[in-house]
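Take a look at the structure set out below.
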Amino acid sequence: MDASITFVYRTKSGEDREVSEYVPAEVETDGDCKEEDEANFALQWPNHVLTWNFAKTPGRERWYVNGVRLDVRTDSSKKFQYINKPGLRTLKSSKGHTMLFPTPVGKSYSCQSETSVELQNGDVSATVFLRGFKLQPFISRRDFGPVYECSPGGGPAFRDETAPIAVGSTLAVVVLLTVTGYGVYRYFKVKKVQYDTME
């Protein structure tokens, strides 16, 4: 991938400063894929560790990025001059975007247009800009699987299905209550008609 990170941090005097850097081409990599439905992949370079967490959907038909974390030592880098509370900072992706880059299992996610991921920790935030990148966890062989291209504009986040499910469930409950209520009404309020045989 071609990636850069833009940091916005608060100084001891209370002003906000912005610094940017490129993720170097030569990084150390590490990962953990012992679990069947979860995996981690870390890129490491001086004073930085960028960790990607991957997971599968409950039906295991898709994989997605469950979260992105950046550990950065702000006290060991000259970029963060006069930063408020220097030291190790852990910036994480927002909880609102828990399903980034959803892709069918067995395929690789590829995006040539620029995509960004927002990370936050108190008064320090970062935006990771990704260009021309390809991802795939849960690989059973050495090569990437068939390519699953990103949508135009590089939309990384999976559409949240909470609202449609809530509306559909509410509608089903209302229909069930209406039918049940009508049945109870007919049982108690409508006069029963006795049918006799014709003589």
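Residue numbering restarts at 1 in every chain; chains get A, B, ... in the order shown in the structure tokens, and ligands count up from 1 in that same order.
When the distance limit is 7 Å and only C-alpha atoms are what count, the residues near Asn47 in chain A, minus those fewer than 6 positions from it on the same chain, are Val72, Arg73 and Ser76 of chain A.
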TODO: Determine which residues of range 2-198 of chain A DSSP labels as strand (DSSP E) from the backbone of this structure, then write them out as a ChimeraX atom specification.
DONE: /A:2-10,16-22,28-32,38-45,48-56,62-73,88-93,100-104,108-111,115-121,124-131,133-135,147-149
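Here CA of Asp30 in chain A is placed at a distance of 5.1 Å from CA of Ala42 in chain A.
Straight-line separation from CA of Phe41 in chain A to CA of Glu21 in chain A: 20.6 Å.
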- [ ] Identify which of the residues A:Phe138, A:Phe7, A:Tyr185, A:Trp52 lies closest to Asp37 in chain A, counting only C-alpha atoms when measuring atom-to-atom distances.
- [x] A:Phe138
Open item on the list: Give me the residues near Phe144 in chain A as a list in words, where near means some atom within 9 Å (using only C-alpha atoms) and where sequence neighbours in that chain fewer than 3 positions away do not count.
Closed with: Gly106, Lys107, Ser108, Lys134, Leu135, Gln136, Ile139, Arg141 and Val147 of chain A
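When only C-alpha atoms are used to compute distances to Ile83 in chain A, the closest of the residues A:Cys111, A:Ala39, A:Val8, A:Ala126 turns out to be A:Val8.
Relative to CA of Gly183 in chain A, CA of Ser169 in chain A is found at 21.3 Å.
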Task: Which residue of A:Ala25, A:Val49, A:Ile165, A:Ala55 approaches Pro104 in chain A most closely, using only C-alpha atoms - done: A:Ala55
